[in-house]
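Below is coords09.txt, which holds compact mmCIF, C-alpha atoms and all ligand atoms.
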```txt
# COMPACT_ATOMS: atom_id res chain seq x y z
CA MET V 302 28.03 32.76 -23.51
CA LYS V 303 29.63 32.79 -20.02
CA GLN V 304 30.24 29.44 -18.33
CA LEU V 305 27.83 29.18 -15.38
CA ASN V 306 29.22 27.36 -12.33
CA SER V 307 25.77 26.46 -11.07
CA LEU V 308 25.22 24.34 -14.17
CA ASP V 309 28.22 22.21 -13.21
CA TYR V 310 26.82 21.96 -9.69
CA ILE V 311 23.51 20.70 -11.11
CA LYS V 312 25.26 18.27 -13.44
CA ASP V 313 27.41 16.89 -10.63
CA SER V 314 24.53 16.53 -8.18
CA TYR V 315 23.56 13.14 -9.63
CA LYS V 316 25.91 11.07 -7.47
CA ALA V 317 25.02 12.93 -4.28
CA ARG V 318 21.33 12.43 -4.95
CA ILE V 319 21.74 8.68 -5.53
CA SER V 320 23.67 8.37 -2.25
CA GLN V 321 20.98 10.41 -0.50
CA ILE V 322 18.26 8.06 -1.74
CA ALA V 323 20.30 5.00 -0.77
CA GLU V 324 20.71 6.43 2.75
CA GLU V 325 17.01 7.26 2.98
CA ARG V 326 16.13 3.69 2.11
CA LYS V 327 18.35 2.39 4.91
CA THR V 328 16.26 4.41 7.36
CA GLY V 329 13.06 2.85 6.00
CA LYS V 330 11.99 5.78 3.84
CA LYS V 331 9.93 4.68 0.83
CA ILE V 332 10.90 5.77 -2.68
CA VAL V 333 8.24 6.33 -5.29
CA GLY V 334 8.84 6.39 -9.05
CA THR V 335 6.64 8.50 -11.32
CA PHE V 336 6.36 9.21 -15.05
CA CYS V 337 4.09 12.19 -15.33
CA LEU V 338 3.28 15.67 -14.08
CA PHE V 339 -0.26 14.67 -13.16
CA VAL V 340 1.02 12.86 -10.05
CA PRO V 341 1.17 15.48 -7.26
CA ASP V 342 4.58 15.39 -5.62
CA GLU V 343 3.11 17.21 -2.62
CA ILE V 344 1.21 14.06 -1.56
CA ILE V 345 4.29 11.86 -1.99
CA PHE V 346 6.46 14.16 0.13
CA ALA V 347 3.71 14.76 2.71
CA ALA V 348 3.60 10.99 3.28
CA GLY V 349 7.28 11.11 4.21
CA SER V 350 8.50 9.38 1.06
CA ASP V 351 10.82 10.59 -1.69
CA ARG V 352 10.38 10.37 -5.44
CA MET V 353 12.29 9.88 -8.65
CA ILE V 354 10.94 10.51 -12.12
CA LEU V 355 11.60 7.55 -14.37
CA CYS V 356 10.85 8.91 -17.85
CA GLY V 357 13.40 7.68 -20.34
CA GLY V 358 15.13 10.03 -22.74
CA LYS V 359 17.91 7.72 -23.87
CA ASN V 360 17.99 5.70 -27.05
CA ASN V 361 20.00 2.76 -25.66
CA THR V 362 17.07 1.22 -23.80
CA VAL V 363 14.61 1.46 -26.71
CA SER V 364 15.75 -1.77 -28.39
CA ILE V 365 15.48 -3.62 -25.05
CA ALA V 366 11.86 -2.53 -24.76
CA GLU V 367 11.16 -3.57 -28.34
CA GLN V 368 11.62 -7.20 -27.25
CA TYR V 369 8.39 -6.75 -25.27
CA LEU V 370 6.52 -3.82 -26.82
CA PRO V 371 5.54 -2.97 -30.40
CA ARG V 372 8.08 -0.87 -32.28
CA ASN V 373 5.44 1.63 -33.32
CA ILE V 374 4.86 3.33 -29.99
CA CYS V 375 6.56 6.46 -28.74
CA PRO V 376 10.26 6.29 -27.80
CA LEU V 377 9.61 7.84 -24.39
CA VAL V 378 7.49 4.87 -23.37
CA LYS V 379 9.93 2.37 -24.87
CA SER V 380 12.98 4.02 -23.31
CA SER V 381 11.31 4.14 -19.88
CA PHE V 382 10.15 0.54 -20.03
CA GLY V 383 13.52 -0.62 -21.40
CA SER V 384 15.34 0.83 -18.38
CA ILE V 385 13.11 -1.08 -16.02
CA VAL V 386 13.17 -4.49 -17.66
CA ASN V 387 16.90 -4.32 -18.32
CA ASN V 388 17.82 -6.21 -15.17
CA SER V 389 21.37 -6.77 -16.29
CA CYS V 390 21.98 -3.01 -16.59
CA THR V 391 24.43 -3.62 -19.46
CA GLY V 392 25.56 -0.26 -20.67
CA VAL V 393 22.65 1.59 -19.13
CA LYS V 394 23.71 4.13 -16.55
CA SER V 395 20.35 4.92 -15.02
CA CYS V 396 19.20 1.35 -14.57
CA SER V 397 20.69 0.87 -11.09
CA ASN V 398 18.31 3.53 -9.72
CA LEU V 399 15.27 1.45 -10.45
CA GLY V 400 16.17 -1.13 -7.86
CA MET V 401 15.57 1.62 -5.31
CA ILE V 402 11.92 2.12 -6.17
CA ASP V 403 9.33 0.75 -3.73
CA MET V 404 6.28 1.69 -5.77
CA ILE V 405 5.54 3.24 -9.14
CA VAL V 406 2.72 5.75 -9.23
CA ALA V 407 1.29 5.80 -12.73
CA GLU V 408 -1.62 7.67 -14.30
CA ASN V 409 -4.09 7.09 -17.09
CA THR V 410 -2.87 9.44 -19.77
CA CYS V 411 -2.01 8.25 -23.29
CA ASP V 412 -2.75 4.70 -24.49
CA SER V 413 0.91 3.70 -24.73
CA LYS V 414 1.64 4.68 -21.16
CA LYS V 415 -1.54 3.08 -19.82
CA LYS V 416 -0.80 -0.27 -21.41
CA MET V 417 2.91 -0.10 -20.53
CA TYR V 418 1.95 0.36 -16.87
CA GLU V 419 -0.01 -2.90 -16.98
CA LEU V 420 3.21 -4.70 -17.90
CA LEU V 421 5.31 -2.73 -15.42
CA GLY V 422 3.30 -4.22 -12.60
CA ASN V 423 5.18 -7.48 -13.24
CA TYR V 424 8.43 -5.81 -12.22
CA VAL V 425 7.58 -3.16 -9.61
CA SER V 426 4.45 -2.64 -7.53
CA THR V 427 2.41 -0.12 -9.56
CA TYR V 428 -0.43 2.14 -8.44
CA VAL V 429 -2.51 3.93 -11.10
CA ILE V 430 -4.32 7.25 -10.61
CA ASP V 431 -7.36 7.38 -12.88
CA LEU V 432 -7.51 10.79 -14.57
CA PRO V 433 -10.73 12.27 -15.85
CA GLN V 434 -9.86 13.12 -19.45
CA ARG V 435 -12.55 15.75 -20.03
CA PRO V 436 -11.31 18.30 -17.49
CA ASP V 437 -14.04 20.86 -18.24
CA SER V 438 -16.94 18.49 -17.57
CA SER V 439 -18.96 19.28 -14.46
CA ASP V 440 -17.98 16.24 -12.39
CA ALA V 441 -14.31 15.98 -13.49
CA LEU V 442 -12.91 17.91 -10.54
CA ASN V 443 -14.81 15.88 -7.94
CA TYR V 444 -13.78 12.66 -9.63
CA PHE V 445 -10.13 13.70 -9.63
CA LEU V 446 -10.36 14.81 -6.02
CA ARG V 447 -11.68 11.37 -5.05
CA GLU V 448 -8.84 9.76 -7.01
CA LEU V 449 -6.29 11.91 -5.20
CA ASP V 450 -7.87 10.96 -1.86
CA LYS V 451 -7.49 7.28 -2.79
CA PHE V 452 -3.90 7.95 -3.81
CA LYS V 453 -3.26 9.65 -0.46
CA GLY V 454 -4.59 6.49 1.22
CA ALA V 455 -2.25 4.33 -0.87
CA MET V 456 0.70 6.48 0.16
CA GLU V 457 -0.30 6.22 3.81
CA GLN V 458 -0.45 2.46 3.46
CA LEU V 459 2.94 2.31 1.74
CA THR V 460 4.72 4.50 4.27
CA GLY V 461 2.73 3.84 7.44
CA ASN V 462 2.53 7.64 7.89
CA LYS V 463 -0.63 9.73 8.12
CA VAL V 464 -0.77 12.54 5.54
CA THR V 465 -1.87 15.53 7.61
CA VAL V 466 -3.32 18.83 6.42
CA GLU V 467 -0.34 20.64 7.98
CA GLN V 468 2.16 18.46 6.13
CA LEU V 469 0.33 18.93 2.85
CA LYS V 470 0.29 22.70 3.32
CA LYS V 471 4.01 22.67 4.08
CA GLU V 472 4.78 20.71 0.89
CA ILE V 473 2.50 22.92 -1.21
CA LYS V 474 4.33 26.01 0.07
CA SER V 475 7.71 24.40 -0.60
CA LEU V 476 6.89 23.34 -4.17
CA ASN V 477 5.30 26.72 -4.89
CA GLU V 478 8.64 28.27 -3.91
CA THR V 479 10.29 26.10 -6.56
CA ARG V 480 7.67 27.19 -9.11
CA TRP V 481 8.40 30.84 -8.26
CA LEU V 482 12.11 30.30 -8.78
CA LEU V 483 11.41 28.74 -12.18
CA HIS V 484 9.23 31.73 -13.06
CA ARG V 485 12.15 34.00 -12.13
CA LEU V 486 14.56 31.96 -14.25
CA TYR V 487 12.20 32.02 -17.21
CA GLY V 488 11.68 35.75 -16.62
CA LEU V 489 15.38 36.24 -17.44
CA ARG V 490 14.79 34.56 -20.78
CA LYS V 491 12.34 37.28 -21.74
CA MET V 492 15.26 39.69 -22.20
CA ASP V 493 16.60 40.35 -25.68
CA PRO V 494 19.01 38.66 -25.96
CA PRO V 495 18.41 36.25 -23.07
CA SER V 496 21.46 35.73 -20.88
CA ILE V 497 21.17 31.94 -20.83
CA ASN V 498 20.91 29.43 -23.66
CA GLY V 499 17.85 27.27 -24.09
CA VAL V 500 19.95 24.08 -24.06
CA ASP V 501 21.34 24.99 -20.64
CA VAL V 502 17.87 25.69 -19.25
CA LEU V 503 16.53 22.45 -20.67
CA LYS V 504 19.26 20.47 -18.92
CA VAL V 505 18.17 22.08 -15.66
CA MET V 506 14.52 21.31 -16.41
CA GLN V 507 15.43 17.69 -17.04
CA LYS V 508 17.33 17.50 -13.75
CA GLN V 509 14.48 19.11 -11.80
CA TYR V 510 12.80 15.70 -11.78
CA PHE V 511 15.80 14.03 -10.30
CA LEU V 512 16.98 16.43 -7.60
CA SER V 513 15.37 16.70 -4.17
CA PRO V 514 13.21 19.83 -3.67
CA ASP V 515 15.87 21.41 -1.45
CA GLN V 516 18.71 20.64 -3.86
CA LEU V 517 16.66 22.04 -6.71
CA LYS V 518 15.79 25.26 -4.91
CA GLU V 519 19.42 25.80 -3.95
CA ALA V 520 20.59 25.11 -7.51
CA LEU V 521 17.97 27.41 -9.03
CA SER V 522 18.80 30.26 -6.64
CA MET V 523 22.50 29.94 -7.53
CA LEU V 524 21.71 29.83 -11.23
CA ILE V 525 19.42 32.87 -11.10
CA ARG V 526 22.06 34.88 -9.22
CA GLU V 527 24.66 33.99 -11.85
CA VAL V 528 22.42 34.62 -14.84
CA GLU V 529 21.43 38.02 -13.44
CA GLN V 530 25.11 39.03 -13.62
CA VAL V 531 25.63 37.95 -17.23
CA LYS V 532 25.96 40.73 -19.79
CA VAL V 533 25.41 39.66 -23.37
CA ASP V 534 26.19 41.80 -26.41
CA TRP V 535 23.20 42.28 -28.62
CA VAL V 536 23.21 40.09 -31.71
CA HIS V 537 20.02 39.26 -33.49
CA LYS V 538 19.04 35.64 -33.03
CA PRO V 539 15.57 34.32 -33.87
CA ARG V 540 13.69 33.72 -30.60
CA ILE V 541 12.31 30.20 -30.67
CA MET V 542 9.76 28.46 -28.51
CA ILE V 543 9.62 24.66 -28.51
CA SER V 544 6.13 23.28 -28.05
CA GLY V 545 5.00 19.68 -27.71
CA CYS V 546 6.24 16.43 -26.18
CA PRO V 547 8.48 16.34 -23.12
CA MET V 548 12.25 15.86 -23.48
CA PRO V 549 13.42 13.72 -20.55
CA GLY V 550 17.13 13.58 -19.63
CA GLY V 551 19.25 12.24 -22.49
CA ASN V 552 17.00 13.72 -25.17
CA ILE V 553 18.40 17.08 -26.24
CA LYS V 554 18.85 16.51 -29.99
CA VAL V 555 16.45 19.09 -31.41
CA PRO V 556 17.29 21.97 -29.01
CA GLU V 557 20.99 21.47 -29.76
CA ILE V 558 20.31 21.62 -33.49
CA ILE V 559 18.20 24.80 -33.12
CA GLU V 560 20.87 26.64 -31.14
CA SER V 561 23.71 25.39 -33.35
CA LYS V 562 21.87 26.88 -36.32
CA GLY V 563 21.71 30.36 -34.81
CA GLY V 564 18.40 30.39 -32.96
CA VAL V 565 17.97 30.97 -29.25
CA ILE V 566 15.33 28.99 -27.39
CA VAL V 567 13.46 31.30 -25.03
CA ALA V 568 10.74 28.94 -23.75
CA GLU V 569 9.56 25.34 -23.87
CA GLU V 570 5.85 24.69 -23.78
CA SER V 571 6.24 21.12 -22.53
CA CYS V 572 6.42 19.02 -19.40
CA THR V 573 10.17 19.67 -19.38
CA GLY V 574 9.29 23.36 -19.54
CA THR V 575 6.45 25.65 -18.54
CA ARG V 576 3.81 22.96 -17.99
CA SER V 577 5.78 21.81 -14.96
CA PHE V 578 5.57 25.09 -13.05
CA TRP V 579 3.34 27.68 -14.75
CA ASP V 580 0.36 27.35 -12.38
CA LEU V 581 0.81 27.52 -8.64
CA VAL V 582 -1.25 25.65 -6.04
CA ASP V 583 -3.60 27.92 -4.07
CA GLU V 584 -2.22 28.04 -0.52
CA ASN V 585 -5.43 29.44 0.96
CA LYS V 586 -7.74 26.53 0.16
CA ASP V 587 -8.27 23.06 1.52
CA PRO V 588 -4.98 21.45 0.35
CA MET V 589 -6.48 18.42 -1.39
CA LEU V 590 -8.98 20.56 -3.30
CA ALA V 591 -6.25 23.05 -4.21
CA LEU V 592 -4.08 20.20 -5.53
CA ALA V 593 -6.92 18.74 -7.57
CA GLU V 594 -7.72 22.15 -9.07
CA ARG V 595 -4.11 22.85 -9.98
CA TYR V 596 -3.19 19.45 -11.41
CA ILE V 597 -6.34 18.92 -13.47
CA LYS V 598 -5.47 22.12 -15.35
CA ILE V 599 -2.21 20.75 -16.80
CA PRO V 600 -2.74 21.21 -20.55
CA CYS V 601 -1.60 17.77 -21.70
CA SER V 602 -2.79 16.52 -25.07
CA CYS V 603 -4.39 13.49 -23.42
CA MET V 604 -7.09 15.92 -22.25
CA SER V 605 -10.04 16.66 -24.47
CA PRO V 606 -10.85 19.32 -25.38
CA ASN V 607 -7.53 20.93 -24.57
CA ASN V 608 -8.14 24.55 -25.55
CA ARG V 609 -6.35 25.67 -22.41
CA ARG V 610 -3.13 24.59 -24.12
CA ILE V 611 -3.76 26.83 -27.14
CA ASP V 612 -4.44 29.81 -24.84
CA ASN V 613 -1.26 29.06 -22.92
CA ILE V 614 0.84 28.79 -26.11
CA LEU V 615 -0.43 32.18 -27.31
CA GLU V 616 0.27 33.70 -23.90
CA LEU V 617 3.84 32.34 -23.96
CA VAL V 618 4.42 33.60 -27.51
CA ARG V 619 3.43 37.10 -26.39
CA GLU V 620 5.33 37.09 -23.11
CA PHE V 621 8.57 35.68 -24.49
CA LYS V 622 8.41 37.69 -27.74
CA VAL V 623 8.69 34.51 -29.78
CA ASP V 624 9.63 34.83 -33.48
CA GLY V 625 8.89 31.22 -34.40
CA VAL V 626 7.65 27.98 -32.84
CA VAL V 627 9.26 24.58 -33.32
CA TYR V 628 6.43 22.11 -32.81
CA TYR V 629 8.23 19.05 -31.49
CA THR V 630 6.65 15.61 -31.42
CA LEU V 631 7.84 12.11 -30.80
CA GLN V 632 6.91 9.51 -33.40
CA PHE V 633 3.64 7.74 -32.59
CA CYS V 634 2.61 10.28 -29.96
CA HIS V 635 -0.87 10.64 -31.38
CA GLY V 636 -2.09 13.25 -28.90
CA TYR V 637 0.55 15.88 -29.62
CA ASN V 638 0.76 14.94 -33.30
CA ILE V 639 -2.97 15.44 -33.81
CA GLU V 640 -3.09 18.60 -31.69
CA LYS V 641 -0.45 20.08 -34.01
CA TYR V 642 -3.19 21.10 -36.45
CA LYS V 643 -5.03 23.28 -33.92
CA VAL V 644 -1.81 24.81 -32.61
CA GLN V 645 -0.61 25.63 -36.13
CA GLN V 646 -3.95 27.23 -36.99
CA ALA V 647 -3.93 29.37 -33.84
CA LEU V 648 -0.35 30.51 -34.42
CA LYS V 649 -0.98 31.18 -38.10
CA LYS V 650 -3.76 33.60 -37.14
CA LYS V 651 -1.23 35.52 -35.05
CA GLY V 652 1.37 35.48 -37.85
CA ILE V 653 3.79 33.20 -35.98
CA PRO V 654 5.68 30.75 -38.23
CA VAL V 655 5.81 27.10 -37.16
CA LEU V 656 8.28 24.36 -38.03
CA ALA V 657 6.94 20.88 -37.19
CA ILE V 658 9.53 18.24 -36.32
CA GLU V 659 8.52 14.66 -35.63
CA THR V 660 11.38 12.48 -34.51
CA ASP V 661 12.62 9.70 -32.23
CA TYR V 662 15.65 9.22 -29.98
CA SER V 663 18.04 8.05 -32.70
CA ASP V 664 20.66 10.19 -34.46
CA SER V 665 19.61 9.05 -37.93
CA ASP V 666 17.71 12.25 -38.81
CA ILE V 667 20.10 14.87 -37.38
CA GLU V 668 21.27 16.01 -40.79
CA GLN V 669 17.80 16.22 -42.26
CA ILE V 670 16.43 18.14 -39.23
CA GLY V 671 19.46 20.44 -39.45
CA LEU V 672 18.62 21.36 -43.05
CA ARG V 673 15.01 22.14 -42.16
CA VAL V 674 16.00 24.19 -39.10
CA ASP V 675 18.55 26.09 -41.22
CA ALA V 676 15.84 27.08 -43.69
CA PHE V 677 13.50 28.07 -40.83
CA MET V 678 16.17 30.31 -39.25
CA GLU V 679 16.87 31.94 -42.57
CA MET V 680 13.18 32.69 -42.98
CA LEU V 681 13.02 34.23 -39.48
CA SER V 682 16.19 36.31 -39.86
S1 LIG V 701 1.27 15.51 -18.55
S2 LIG V 701 2.82 15.10 -21.73
S3 LIG V 701 4.26 13.81 -18.72
S4 LIG V 701 1.31 12.34 -20.15
S5 LIG V 701 5.17 11.53 -25.65
S6 LIG V 701 4.23 8.98 -23.38
S7 LIG V 701 1.92 11.57 -24.26
S8 LIG V 701 2.81 9.05 -26.57
S9 LIG V 701 4.73 12.05 -21.86
FE1 LIG V 701 3.31 13.18 -20.70
FE2 LIG V 701 2.10 13.46 -18.37
FE3 LIG V 701 1.04 14.50 -20.55
FE4 LIG V 701 3.22 15.55 -19.55
FE5 LIG V 701 2.32 9.38 -24.41
FE6 LIG V 701 3.04 11.22 -26.14
FE7 LIG V 701 4.72 9.34 -25.49
FE8 LIG V 701 4.04 11.19 -23.73
```

Rewritten as structure tokens:
Amino acid sequence: MKQLNSLDYIKDSYKARISQIAEERKTGKKIVGTFCLFVPDEIIFAAGSDRMILCGGKNNTVSIAEQYLPRNICPLVKSSFGSIVNNSCTGVKSCSNLGMIDMIVAENTCDSKKKMYELLGNYVSTYVIDLPQRPDSSDALNYFLRELDKFKGAMEQLTGNKVTVEQLKKEIKSLNETRWLLHRLYGLRKMDPPSINGVDVLKVMQKQYFLSPDQLKEALSMLIREVEQVKVDWVHKPRIMISGCPMPGGNIKVPEIIESKGGVIVAEESCTGTRSFWDLVDENKDPMLALAERYIKIPCSCMSPNNRRIDNILELVREFKVDGVVYYTLQFCHGYNIEKYKVQQALKKKGIPVLAIETDYSDSDIEQIGLRVDAFMEMLS
């Protein structure tokens, strides 16, 4: 497939972004670190602060975390924690960024994250948003709205800036523009064959959490323009959707295996995929209410029941003409591992084959996963 210049631009934007954050700090701007989609960026930006997502996708910080945390928790939590406690930064590229964080904004999602945040407070000031975990119950929305109001207050205290309705509306509009661009990019993947590889899109989706909103919009516009020009000869490749746990930067093992074995990934039902942008925030409502309504709908497996996720998966399978689903989970992620049963049942009813892969951040299972993916592709061909 054609080399896309915008992908190099996105890859090379790392240094510029770090310098930008360093400059912002010199002017007194506060930098917030987050780990999850449930934290509304709009409130962080409306308070005049900037944010970096700190989820770890690299294996080299896992063993550092294991000196503090049990081995049998998910690698995403261990990798994230390992980057933060690794004060010496030995061999860990991303570690230097953490010194730039003024406050971590955490959320009550899965058990591993919740308990990890308690320990994180020893290293960086940590604020926790309490999420209602039964989103369909009658008082969940009001509870979440109150939590977001408290969070807005915490941001005002951190930055010394008042979060105004006008500023919130401006940030909602800006981030909706990004969501629209992502919808346009994903729209190009609905073509047969799509004119961009899944691995390339995933790298962009991983970077979306690192770039500033303006950088991201510029990069996405460039990418869309380039992808629209690409002409691909038709060759049959099984159209694969990945569904499950997020894949933060550094974790690209399974998508690379899928595409090296002849499949093409056309969508990712994950927080490094559609969950990050699928729903927009209503621009015609009171901004705090609109944010609460949009964010509480994120179909994460920490929510119960989470039937919205099943509906969304079936919608994506239809829209992206998916031939098979790779259900991807990280070891010890109980939420997504348990929800696998319901997802498999729903897809089975629609005649969509599923390959379940449970893995970690190490390379030890590459060969074994490759054999299973090979067999899956053969079945789909
Ligand atoms: S909204 S998916 S980003 S919580 S993989 S740490 S769930 S044990 S990352 Fe997540 Fe927010 Fe949900 Fe998305 Fe726990 Fe599972 Fe690990 Fe996970």

Do you know which residues lie at most 8 Å from (-0.4, 17.8, -25.3), with coordinates as in the file and all atoms listed in the file counted, and could you write them as a VMD selection string?
-> chain V and resid 545 to 546 571 600 to 604 607 610 636 to 637 640

Show me which residues sit within 7 Å of ligand LIG 701 (chain V) when counting only C-alpha atoms and all ligand atoms, and put them as a list in words.
-> Phe336, Cys337, Leu338, Phe339, Ile374, Cys375, Pro376, Leu377, Val378, Thr410, Cys411, Asp412, Ser413, Lys414, Cys546, Pro547, Ser571, Cys572, Ile599, Cys601, Ser602, Cys603, Leu631, Phe633, Cys634, His635, Gly636 and Tyr637 of chain V

Kindly give the distance, in Å, that separates CA of Ala520 in chain V and CA of Ser380 in chain V, rounded to a single decimal.
-> 27.4 Å

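The list of residues within 10 Å of (20.9, 34.3, -12.1), counted using all atoms listed in the file, is Leu305, Ser307, Arg485, Leu486, Leu489, Ser496, Ile497, Leu521, Ser522, Met523, Leu524, Ile525, Arg526, Glu527, Val528, Glu529, Gln530 and Val531 of chain V.
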
Would you save the residues from that selection as a PDB file, keeping the file's coordinate frame, using C-alpha atoms?
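Output below, filename selection-v6.pdb:
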```pdb
ATOM      1  CA  LEU V 305      27.830  29.180 -15.380  1.00  0.00           C
ATOM      2  CA  SER V 307      25.770  26.460 -11.070  1.00  0.00           C
ATOM      3  CA  ARG V 485      12.150  34.000 -12.130  1.00  0.00           C
ATOM      4  CA  LEU V 486      14.560  31.960 -14.250  1.00  0.00           C
ATOM      5  CA  LEU V 489      15.380  36.240 -17.440  1.00  0.00           C
ATOM      6  CA  SER V 496      21.460  35.730 -20.880  1.00  0.00           C
ATOM      7  CA  ILE V 497      21.170  31.940 -20.830  1.00  0.00           C
ATOM      8  CA  LEU V 521      17.970  27.410  -9.030  1.00  0.00           C
ATOM      9  CA  SER V 522      18.800  30.260  -6.640  1.00  0.00           C
ATOM     10  CA  MET V 523      22.500  29.940  -7.530  1.00  0.00           C
ATOM     11  CA  LEU V 524      21.710  29.830 -11.230  1.00  0.00           C
ATOM     12  CA  ILE V 525      19.420  32.870 -11.100  1.00  0.00           C
ATOM     13  CA  ARG V 526      22.060  34.880  -9.220  1.00  0.00           C
ATOM     14  CA  GLU V 527      24.660  33.990 -11.850  1.00  0.00           C
ATOM     15  CA  VAL V 528      22.420  34.620 -14.840  1.00  0.00           C
ATOM     16  CA  GLU V 529      21.430  38.020 -13.440  1.00  0.00           C
ATOM     17  CA  GLN V 530      25.110  39.030 -13.620  1.00  0.00           C
ATOM     18  CA  VAL V 531      25.630  37.950 -17.230  1.00  0.00           C
TER      19      VAL V 531
END
```

Would you list the contacts of range 450-461 of chain V as a ChimeraX atom specification, taking every protein, DNA or RNA residue within 9 Å and counting all atoms listed in the file, but skipping same-chain residues closer than 3 positions in sequence?
-> /V:329-331,344-345,348-350,403-404,406,428-430,445-447,464,589

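Closest approach to Lys416 in chain V from the set V:Asp612, V:Gly574, V:Ser682, V:Tyr369 is made by V:Tyr369, with distances taken over all atoms listed in the file.
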
Write out as a ChimeraX atom specification the residues lying within 12 Å of range 321-323 of chain V, counting all atoms listed in the file and excluding same-chain residues fewer than 5 positions away.
-> /V:314-316,328-333,350-353,397-403,511-513,516

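All residues of protein, DNA or RNA that reach within 10 Å of Lys471 in chain V, judged by all atoms listed in the file and not counting those fewer than 4 positions away in the chain, are V:Glu343, V:Phe346, V:Ala347, V:Thr465, V:Val466, V:Glu467, V:Ser475, V:Leu476, V:Asn477, V:Glu584, V:Pro588.
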
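Here CA of Leu656 in chain V stands at a distance of 7.8 Å from CA of Val674 in chain V.
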
When distances are computed from only C-alpha atoms, which of V:Asn423, V:Thr335, V:Asn462, V:Gln669 shows the smallest separation from Ile558 in chain V?
-> V:Gln669

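Here CA of Tyr510 in chain V stands at a distance of 20.5 Å from CA of Leu449 in chain V.
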
Residue neighbourhood Asp437 in chain V, 9 Å, all atoms listed in the file, exclusion window fewer than 5 positions, as a list of chain:residue names = V:Leu442, V:Ser605, V:Pro606

Create the file for the chosen residues now, containing C-alpha atoms and written as a CSV table (one decimal), in the coordinates of the input.
```csv
chain,number,residue,atom,x,y,z
V,442,LEU,CA,-12.9,17.9,-10.5
V,605,SER,CA,-10.0,16.7,-24.5
V,606,PRO,CA,-10.8,19.3,-25.4
```

Do a neighbour search on Phe621 in chain V at 7 Å with all atoms listed in the file, toss out local chain neighbours closer than 4 positions, and write the hits as JSON, numbers by chain.
-> {"V": [491, 567, 617]}
